[in-house]
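S.K.: The structure's right below; bear with me while I get my questions together.
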Amino acid sequence: KQEQFFDRITFNFPHWRGKANNRYNRQLLSEFLESARTVLSPRGEIHVALCGGQGGCSATSLQEWRGSWTASMYAAEHGLLLARVFPYNPEYNLSSHRGVDRPFSLGKDPKLHVFVKPNNGITKAPRDIQLCCRHELHVVIPDNEEDVGDSTICSLDQVLAGDAIETIIQSTCVPDGIRVEVPARQILELTESHQGHNGISSTRVAVFLVVYCGEGFPVTRSMADTWRENTEAEVGKYIPLRENRRGRTVSKPFPYPALHPEIKYHTTGKKQ
């Protein structure tokens, strides 16, 4: 039997029976996306209409994101990219899922979510719906410029501003379709006492917030943690890292609009 593939697969306002909590609705959405991907043509689209706030991609806080159905996260786990989101107004009669033939509320702002298979970066999701993971990168600031590896590639000032860090990661540590941001950094003065010695040493450390954003490629936590490992290995060739901060797992995925409200220290480097 020849397999059949589809250019468009649509599921409007999925909902588990009864007054279900988010757990079952997320499961329904996840299993639908997993199944639909197997019969989606290479350039096909999956359209899912959701009531206001359910999708979560516009959440501006982690609390709001966790209260949604986290649609883009489940899509990414099944190799799908949330490519577009726009207002949706159904042109048909709505019927309740509770066995009564009457309309149900769509909330203030129902949205149509369009999911696609990644296609070598041809499709790029707008920044405000990209899914992200983040982690901190701690580098030890050397006492002089000569301790920065290969100064022809980057200077100490460029490293501390975050620009060189971002360039190194973007060019060598992530696949095409992942956009890297280093939106914040802070300088810490660390004082350490040494057992058996009377002296106290002081070390300066630069802490960078590194963010991996799914512009043309899905972001999952496991993949982002691989990119974090690549980042630590590559940046470590140029400037020493704080050893007790290496190997820490990246954050769970979150939507880009929730990034900047969660930053606890000042933003530096390139303006977005």
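In the structure tokens, chains take the letters A, B, ... in the order shown, each chain's residues start at 1, and ligands count up from 1 in the order shown.
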Quick one: residues within 6 Å of stretch 39-42 of chain A, only C-alpha atoms, excluding same-chain residues fewer than 2 positions away - as a VMD selection string?
M.R.: chain A and resid 5 to 7 36 to 37 44
S.K.: Which residues come within 12 Å of A:Glu232, counting only C-alpha atoms, excluding same-chain residues fewer than 4 positions away, as a ChimeraX atom specification?
M.R.: /A:135-139,165,168-169,172-173,208,210,225-228,236-243,245-249
S.K.: Pick from A:Gly214, A:Pro118, A:Pro14, A:Pro183: nearest to A:Asp163, with only C-alpha atoms counted?
M.R.: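 Using only C-alpha atoms, A:Asp163 sits closest to A:Pro183.
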S.K.: Can you work out the spacing between atom CA of A:Gln27 and atom CA of A:Trp69 in Å, to one decimal?
M.R.: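 Atom-to-atom, atom CA of A:Gln27 and atom CA of A:Trp69 are spaced 9.1 Å apart.
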S.K.: Quick one: everything within 9 Å of A:Ile141, counting only C-alpha atoms, minus sequence neighbours fewer than 5 positions away in the same chain. Send it as a PyMOL selection string.
M.R.: chain A and resi 148+156+160+203-206+239-241
